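Dumped target-v4.cif below, it's mmCIF, C-alpha atoms:
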```cif
data_data
#
loop_
_atom_site.label_atom_id
_atom_site.label_comp_id
_atom_site.auth_asym_id
_atom_site.auth_seq_id
_atom_site.Cartn_x
_atom_site.Cartn_y
_atom_site.Cartn_z
CA MET N 1 -6.63 2.33 -21.57
CA GLU N 2 -5.98 -0.60 -19.24
CA MET N 3 -3.26 0.25 -16.68
CA ILE N 4 -3.31 -2.85 -14.45
CA ARG N 5 -4.48 -6.40 -15.08
CA ALA N 6 -4.24 -9.29 -12.61
CA ASP N 7 -4.98 -12.73 -14.08
CA HIS N 8 -5.60 -15.65 -11.69
CA VAL N 9 -3.04 -14.41 -9.17
CA SER N 10 -2.23 -16.71 -6.25
CA MET N 11 0.36 -16.16 -3.53
CA ARG N 12 1.57 -18.91 -1.21
CA PHE N 13 4.15 -18.74 1.57
CA ARG N 14 6.09 -21.55 3.25
CA LEU N 15 6.00 -21.17 7.03
CA SER N 16 8.01 -23.15 9.55
CA ALA N 17 5.79 -25.63 11.39
CA ASP N 18 8.35 -26.03 14.21
CA ARG N 19 8.82 -23.89 17.31
CA ILE N 20 12.44 -22.84 16.76
CA THR N 21 14.06 -20.57 19.33
CA SER N 22 17.51 -19.95 17.83
CA MET N 23 19.37 -19.70 14.53
CA LYS N 24 21.56 -22.65 15.60
CA GLU N 25 18.50 -24.87 16.06
CA TYR N 26 17.14 -23.76 12.68
CA LEU N 27 20.40 -24.59 10.88
CA VAL N 28 20.72 -27.99 12.58
CA ARG N 29 17.18 -28.94 11.58
CA LEU N 30 17.74 -27.64 8.05
CA VAL N 31 20.99 -29.59 7.55
CA THR N 32 19.58 -32.81 9.05
CA GLY N 33 16.37 -32.58 7.01
CA ARG N 34 14.16 -32.31 10.10
CA LEU N 35 12.80 -28.84 9.29
CA LYS N 36 9.04 -28.98 8.70
CA PHE N 37 7.02 -26.43 6.76
CA LYS N 38 3.36 -25.67 6.27
CA GLU N 39 1.98 -23.74 3.32
CA PHE N 40 -0.10 -20.61 3.78
CA GLY N 41 -2.23 -19.25 0.93
CA ALA N 42 -2.40 -15.44 1.09
CA LEU N 43 -4.13 -15.01 -2.30
CA SER N 44 -6.09 -17.47 -4.42
CA ASP N 45 -7.09 -16.95 -8.07
CA VAL N 46 -7.51 -13.16 -7.92
CA SER N 47 -8.40 -11.44 -11.21
CA PHE N 48 -9.34 -7.83 -11.98
CA ALA N 49 -8.47 -4.92 -14.28
CA VAL N 50 -8.08 -1.17 -13.67
CA GLN N 51 -8.51 1.43 -16.39
CA LYS N 52 -6.54 4.68 -16.68
CA GLY N 53 -7.76 7.24 -14.15
CA GLU N 54 -9.84 4.75 -12.16
CA VAL N 55 -9.66 4.51 -8.38
CA LEU N 56 -10.02 0.95 -7.11
CA GLY N 57 -10.74 0.43 -3.43
CA ILE N 58 -9.67 -2.87 -1.84
CA ILE N 59 -11.65 -3.91 1.24
CA GLY N 60 -11.76 -6.89 3.58
CA HIS N 61 -11.06 -8.02 7.11
CA ASN N 62 -7.63 -8.28 8.73
CA GLY N 63 -5.62 -10.98 6.96
CA ALA N 64 -7.81 -10.89 3.87
CA GLY N 65 -4.77 -10.49 1.59
CA LYS N 66 -5.13 -6.79 0.79
CA SER N 67 -1.56 -5.69 1.59
CA THR N 68 -0.14 -8.81 -0.05
CA LEU N 69 -2.04 -7.97 -3.23
CA LEU N 70 -0.68 -4.41 -3.24
CA LYS N 71 2.86 -5.78 -2.89
CA VAL N 72 2.30 -8.17 -5.81
CA ILE N 73 0.95 -5.35 -8.01
CA SER N 74 3.90 -3.14 -6.98
CA GLY N 75 6.40 -5.84 -7.97
CA ILE N 76 7.68 -6.29 -4.41
CA LEU N 77 6.41 -9.89 -4.38
CA LYS N 78 6.28 -12.32 -7.30
CA PRO N 79 3.03 -14.31 -7.42
CA SER N 80 3.20 -18.07 -6.99
CA ASN N 81 0.74 -18.44 -9.89
CA GLY N 82 -0.90 -16.13 -12.38
CA SER N 83 0.37 -12.86 -13.79
CA VAL N 84 0.20 -9.10 -13.32
CA THR N 85 0.53 -6.67 -16.23
CA VAL N 86 1.20 -2.99 -15.50
CA HIS N 87 1.42 -0.07 -17.95
CA GLY N 88 3.00 3.03 -16.43
CA ASN N 89 5.28 4.00 -13.56
CA ILE N 90 4.15 2.93 -10.07
CA VAL N 91 4.67 4.74 -6.78
CA PRO N 92 3.85 2.29 -3.97
CA MET N 93 2.99 4.11 -0.74
CA LEU N 94 2.95 1.00 1.45
CA GLU N 95 5.57 1.50 4.15
CA LEU N 96 6.27 5.20 4.22
CA GLY N 97 9.93 6.03 4.67
CA SER N 98 11.14 2.48 4.02
CA GLY N 99 13.69 3.80 1.50
CA PHE N 100 15.11 6.49 3.78
CA ASP N 101 18.65 6.65 5.16
CA TYR N 102 18.39 7.77 8.79
CA ASP N 103 21.86 9.36 8.80
CA MET N 104 21.05 11.64 5.86
CA THR N 105 19.11 14.89 6.05
CA GLY N 106 15.55 15.28 4.88
CA ARG N 107 16.77 17.14 1.79
CA GLU N 108 19.25 14.37 0.93
CA ASN N 109 16.54 11.77 1.40
CA ILE N 110 14.35 13.56 -1.13
CA PHE N 111 16.97 12.74 -3.77
CA LEU N 112 17.61 9.22 -2.42
CA ASN N 113 13.94 8.26 -2.19
CA GLY N 114 13.14 9.95 -5.49
CA ALA N 115 15.93 8.00 -7.19
CA ILE N 116 14.54 4.75 -5.77
CA LEU N 117 11.19 5.71 -7.33
CA GLY N 118 12.98 6.15 -10.68
CA TYR N 119 13.20 9.94 -11.04
CA SER N 120 16.23 11.82 -12.33
CA LYS N 121 18.36 14.24 -10.31
CA GLU N 122 17.29 17.08 -12.62
CA PHE N 123 13.60 16.34 -12.07
CA LEU N 124 14.03 16.11 -8.29
CA THR N 125 16.06 19.33 -8.20
CA ALA N 126 13.20 21.12 -9.94
CA LYS N 127 10.64 19.62 -7.54
CA CYS N 128 12.70 19.78 -4.31
CA GLN N 129 11.35 23.06 -2.91
CA GLU N 130 7.79 22.07 -3.75
CA ILE N 131 8.28 18.83 -1.80
CA ILE N 132 9.76 20.72 1.18
CA ASP N 133 6.92 23.26 1.18
CA PHE N 134 4.24 20.57 1.04
CA SER N 135 5.86 18.60 3.88
CA GLU N 136 5.87 21.72 6.12
CA LEU N 137 9.18 20.62 7.65
CA GLY N 138 10.81 24.04 7.33
CA GLU N 139 14.32 24.19 8.82
CA PHE N 140 14.08 20.54 9.91
CA ILE N 141 14.66 19.54 6.26
CA GLU N 142 18.41 20.07 6.94
CA GLU N 143 18.36 17.72 9.97
CA PRO N 144 19.20 13.98 9.83
CA ILE N 145 15.88 12.15 9.76
CA ARG N 146 16.92 10.04 12.77
CA ASN N 147 15.84 13.17 14.68
CA TYR N 148 12.39 13.21 13.06
CA SER N 149 9.20 12.07 14.73
CA SER N 150 7.26 9.33 12.90
CA GLY N 151 4.76 11.98 11.78
CA MET N 152 7.47 14.17 10.27
CA MET N 153 8.93 11.21 8.41
CA MET N 154 5.53 10.22 7.02
CA ARG N 155 4.87 13.77 5.88
CA LEU N 156 8.16 13.86 3.98
CA ALA N 157 7.55 10.44 2.40
CA PHE N 158 4.00 11.38 1.37
CA SER N 159 5.24 14.67 -0.11
CA ILE N 160 7.91 12.93 -2.21
CA ALA N 161 5.52 10.24 -3.43
CA THR N 162 2.70 12.57 -4.47
CA VAL N 163 4.53 15.64 -5.80
CA VAL N 164 6.21 13.55 -8.51
CA GLU N 165 2.78 12.83 -10.07
CA PRO N 166 2.90 9.07 -10.68
CA GLU N 167 0.86 7.35 -13.37
CA ILE N 168 -0.15 4.64 -10.87
CA LEU N 169 -0.39 5.20 -7.12
CA ILE N 170 -0.60 2.27 -4.69
CA VAL N 171 -1.97 3.42 -1.32
CA ASP N 172 -2.29 1.53 1.99
CA GLU N 173 -4.18 3.59 4.61
CA ILE N 174 -2.21 6.65 3.56
CA LEU N 175 -4.81 9.30 4.43
CA ALA N 176 -4.03 8.82 8.13
CA VAL N 177 -0.73 10.71 7.69
CA GLY N 178 0.13 13.43 10.21
CA ASP N 179 -2.21 15.71 12.16
CA ALA N 180 -5.74 16.73 11.18
CA ASP N 181 -4.60 19.70 9.07
CA PHE N 182 -2.05 17.63 7.13
CA GLN N 183 -4.60 14.82 6.69
CA ALA N 184 -6.97 17.33 5.07
CA LYS N 185 -4.15 18.54 2.80
CA SER N 186 -3.19 14.95 1.97
CA LYS N 187 -6.77 14.15 1.02
CA ALA N 188 -6.94 17.25 -1.19
CA ARG N 189 -3.68 16.19 -2.88
CA MET N 190 -5.03 12.69 -3.48
CA LEU N 191 -8.18 14.16 -5.04
CA GLU N 192 -6.02 16.39 -7.24
CA LEU N 193 -4.03 13.37 -8.46
CA MET N 194 -7.20 11.40 -9.11
CA GLY N 195 -8.72 14.29 -11.02
CA GLY N 196 -5.54 14.58 -13.09
CA GLY N 197 -5.74 11.04 -14.44
CA THR N 198 -3.59 9.12 -11.94
CA THR N 199 -4.72 5.51 -11.55
CA VAL N 200 -5.06 4.59 -7.88
CA LEU N 201 -5.32 1.34 -5.90
CA MET N 202 -6.14 2.02 -2.28
CA VAL N 203 -6.75 0.01 0.88
CA SER N 204 -8.76 1.65 3.63
CA HIS N 205 -10.81 0.45 6.59
CA THR N 206 -12.67 3.77 6.55
CA MET N 207 -15.68 2.95 4.40
CA SER N 208 -16.64 6.61 3.99
CA GLN N 209 -13.27 7.14 2.21
CA ILE N 210 -13.91 4.16 -0.06
CA ARG N 211 -17.40 5.41 -0.92
CA GLU N 212 -16.19 8.95 -1.59
CA LEU N 213 -13.01 8.26 -3.54
CA CYS N 214 -13.37 4.94 -5.37
CA ASP N 215 -14.90 4.16 -8.75
CA LYS N 216 -14.86 0.40 -8.14
CA VAL N 217 -14.27 -1.96 -5.23
CA LEU N 218 -12.50 -5.30 -4.90
CA TRP N 219 -13.62 -7.26 -1.81
CA LEU N 220 -11.22 -9.91 -0.51
CA GLU N 221 -11.71 -12.46 2.26
CA HIS N 222 -9.09 -15.10 3.12
CA GLY N 223 -7.30 -14.29 -0.14
CA THR N 224 -10.28 -14.91 -2.41
CA VAL N 225 -12.48 -12.43 -4.28
CA GLN N 226 -15.92 -11.99 -2.69
CA GLY N 227 -16.98 -9.24 -5.04
CA TYR N 228 -15.68 -6.85 -7.69
CA GLY N 229 -17.61 -3.98 -9.20
CA GLU N 230 -19.71 -0.93 -8.34
CA THR N 231 -18.66 0.84 -5.13
CA ALA N 232 -21.95 1.58 -3.35
CA ALA N 233 -23.46 -1.90 -3.83
CA LEU N 234 -20.33 -3.73 -2.63
CA CYS N 235 -19.81 -1.38 0.33
CA ASP N 236 -23.43 -1.95 1.36
CA LYS N 237 -22.98 -5.71 1.12
CA TYR N 238 -19.68 -5.64 3.02
CA GLU N 239 -21.03 -3.42 5.81
CA GLY N 240 -24.14 -5.58 6.02
CA LYS N 241 -21.95 -8.63 6.62
CA LEU N 242 -19.93 -6.73 9.23
CA ASN N 243 -23.06 -5.70 11.10
CA SER N 244 -24.42 -9.24 10.91
CA SER N 245 -21.18 -10.65 12.32
CA LYS N 246 -21.20 -8.13 15.18
CA GLY N 247 -24.79 -9.06 15.95
CA ASP N 248 -23.73 -12.70 16.22
CA GLY N 249 -20.83 -11.73 18.50
CA ASN N 250 -18.28 -12.82 15.90
CA GLY N 251 -17.19 -9.45 14.54
CA SER N 252 -13.54 -8.53 14.16
CA THR N 253 -11.78 -5.22 14.53
CA GLU N 254 -11.24 -3.00 11.54
CA ASN N 255 -7.66 -2.02 12.25
CA GLU N 256 -4.88 -3.70 10.28
#
```
Kindly return the structure encoded in the file as structure tokens.
Amino acid sequence: MEMIRADHVSMRFRLSADRITSMKEYLVRLVTGRLKFKEFGALSDVSFAVQKGEVLGIIGHNGAGKSTLLKVISGILKPSNGSVTVHGNIVPMLELGSGFDYDMTGRENIFLNGAILGYSKEFLTAKCQEIIDFSELGEFIEEPIRNYSSGMMMRLAFSIATVVEPEILIVDEILAVGDADFQAKSKARMLELMGGGTTVLMVSHTMSQIRELCDKVLWLEHGTVQGYGETAALCDKYEGKLNSSKGDGNGSTENE
């Protein structure tokens, strides 16, 4: 069964071409018609399909359009052209904790974040203790999350997103959550979801993760598809290009 289909998706943004230093200057230029824009193409004619239970890895340099594509698939952004068809509920793990209220406790945020993801109070009540146990927050679950470290917040967000067992999981470098022990547990949880039939789209700069976890790979550069298909062959080709670029002195970092 096809869970995700992207047909000729393009995404363009209008960026100000002027160096504006204040809101007043922006409004004056807008009202007087002197505001200039330039168009930036983040994605261009991207097409692919993902079957139920497949894990699709998305690779490419910084600025290749990977995160933009995940946001389009998640419904956060509407494409400028083309269409995306999705069958099933999506949990986008893009900016962990973005739906949290910092004045509420961790426990309260389980229900808030879960509701944002579309789950009922009854379902979340049944899953609450499981989420708390997985997060390893212990007594801190009753503290306002403004007192949490970034690692604690990410652990809670990851626990909420994965315990609810989504049909489609959208992942952006998520396996770097927390300390080494929690990363190992996170990886095991991801493998459990994948083995249980969850469809996954994941971005990672760690090629060993892509090779180990992904059934197929989509390779983007400057918003265009460079390759789509079998994991090992495309990873070899991508890493070969990286090594060639480094040899020429034109390589770029792999941190986004």
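Evaluated on this file, the PyMOL selection byres ((chain N and resi 227) around 12) matches Val46, Ser47, Phe48, Gly57, Ile58, Ile59, Gly60, Lys216, Val217, Leu218, Trp219, Leu220, Glu221, Gly223, Thr224, Val225, Gln226, Tyr228, Gly229, Glu230, Thr231, Ala233, Leu234, Cys235, Asp236, Lys237 and Tyr238 of chain N.
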Output for the residues just chosen: C-alpha atoms as a CSV table (one decimal), in the coordinates of the input:
```
chain,number,residue,atom,x,y,z
N,46,VAL,CA,-7.5,-13.2,-7.9
N,47,SER,CA,-8.4,-11.4,-11.2
N,48,PHE,CA,-9.3,-7.8,-12.0
N,57,GLY,CA,-10.7,0.4,-3.4
N,58,ILE,CA,-9.7,-2.9,-1.8
N,59,ILE,CA,-11.6,-3.9,1.2
N,60,GLY,CA,-11.8,-6.9,3.6
N,216,LYS,CA,-14.9,0.4,-8.1
N,217,VAL,CA,-14.3,-2.0,-5.2
N,218,LEU,CA,-12.5,-5.3,-4.9
N,219,TRP,CA,-13.6,-7.3,-1.8
N,220,LEU,CA,-11.2,-9.9,-0.5
N,221,GLU,CA,-11.7,-12.5,2.3
N,223,GLY,CA,-7.3,-14.3,-0.1
N,224,THR,CA,-10.3,-14.9,-2.4
N,225,VAL,CA,-12.5,-12.4,-4.3
N,226,GLN,CA,-15.9,-12.0,-2.7
N,228,TYR,CA,-15.7,-6.8,-7.7
N,229,GLY,CA,-17.6,-4.0,-9.2
N,230,GLU,CA,-19.7,-0.9,-8.3
N,231,THR,CA,-18.7,0.8,-5.1
N,233,ALA,CA,-23.5,-1.9,-3.8
N,234,LEU,CA,-20.3,-3.7,-2.6
N,235,CYS,CA,-19.8,-1.4,0.3
N,236,ASP,CA,-23.4,-2.0,1.4
N,237,LYS,CA,-23.0,-5.7,1.1
N,238,TYR,CA,-19.7,-5.6,3.0
```
(request) Would you please work out which residue, of N:Val28, N:Met3, N:Thr162, N:Glu142, is nearest to N:Ala188 when using all atoms listed in the file? (result) N:Thr162
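The neighbours of N:Gly196 here are the residues that come within 10 Å of it, using all atoms listed in the file and leaving out any residue fewer than 5 positions away in the same chain; they are Gly53, Glu165, Glu167, Met190 and Leu191 of chain N.
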(request) Skip N:Met194 itself and residues of its chain fewer than 2 positions away, then list as an NGL selection string all residues within 12 Å of it, counting all atoms listed in the file. (result) :N and (52-56 or 162 or 165-169 or 187-192 or 196-202 or 212-215)
Could you take the residues named above and write them with C-alpha atoms, as a compact mmCIF listing (two decimals), in the frame of the given file?
```
# COMPACT_ATOMS: atom_id res chain seq x y z
CA LYS N 52 -6.54 4.68 -16.68
CA GLY N 53 -7.76 7.24 -14.15
CA GLU N 54 -9.84 4.75 -12.16
CA VAL N 55 -9.66 4.51 -8.38
CA LEU N 56 -10.02 0.95 -7.11
CA THR N 162 2.70 12.57 -4.47
CA GLU N 165 2.78 12.83 -10.07
CA PRO N 166 2.90 9.07 -10.68
CA GLU N 167 0.86 7.35 -13.37
CA ILE N 168 -0.15 4.64 -10.87
CA LEU N 169 -0.39 5.20 -7.12
CA LYS N 187 -6.77 14.15 1.02
CA ALA N 188 -6.94 17.25 -1.19
CA ARG N 189 -3.68 16.19 -2.88
CA MET N 190 -5.03 12.69 -3.48
CA LEU N 191 -8.18 14.16 -5.04
CA GLU N 192 -6.02 16.39 -7.24
CA GLY N 196 -5.54 14.58 -13.09
CA GLY N 197 -5.74 11.04 -14.44
CA THR N 198 -3.59 9.12 -11.94
CA THR N 199 -4.72 5.51 -11.55
CA VAL N 200 -5.06 4.59 -7.88
CA LEU N 201 -5.32 1.34 -5.90
CA MET N 202 -6.14 2.02 -2.28
CA GLU N 212 -16.19 8.95 -1.59
CA LEU N 213 -13.01 8.26 -3.54
CA CYS N 214 -13.37 4.94 -5.37
CA ASP N 215 -14.90 4.16 -8.75
```
(message) Would you compute the distance between atom CA of N:Met154 and atom CA of N:Val50? Give it in Å to one decimal.
(response)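 It comes out at 27.3 Å.
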(request) Could you please determine the separation between atom CA of N:Glu2 and atom CA of N:Glu173 in Å, to one decimal place? (result) 24.3 Å
(request) Can you work out the spacing between atom CA of N:Met11 and atom CA of N:Val31 in Å, to one decimal? (result) 27.0 Å
(request) I need the residue set behind the PyMOL selection byres ((chain N and resi 172) around 8) for this file; please write it as a ChimeraX atom specification. (result) /N:67,93-94,170-171,173-174,202-204
(message) Using all atoms listed in the file, which protein or nucleic acid residues come within 9 Å of N:Ser135? Drop anything in the same chain fewer than 6 positions from it, and give the result as a PyMOL selection string.
(response) chain N and resi 152+154-160+182
(request) With the file shown as input, list the residues that the PyMOL selection byres ((chain N and resi 79) around 12) selects, as a ChimeraX atom specification. (result) /N:6-13,41-46,68-78,80-85
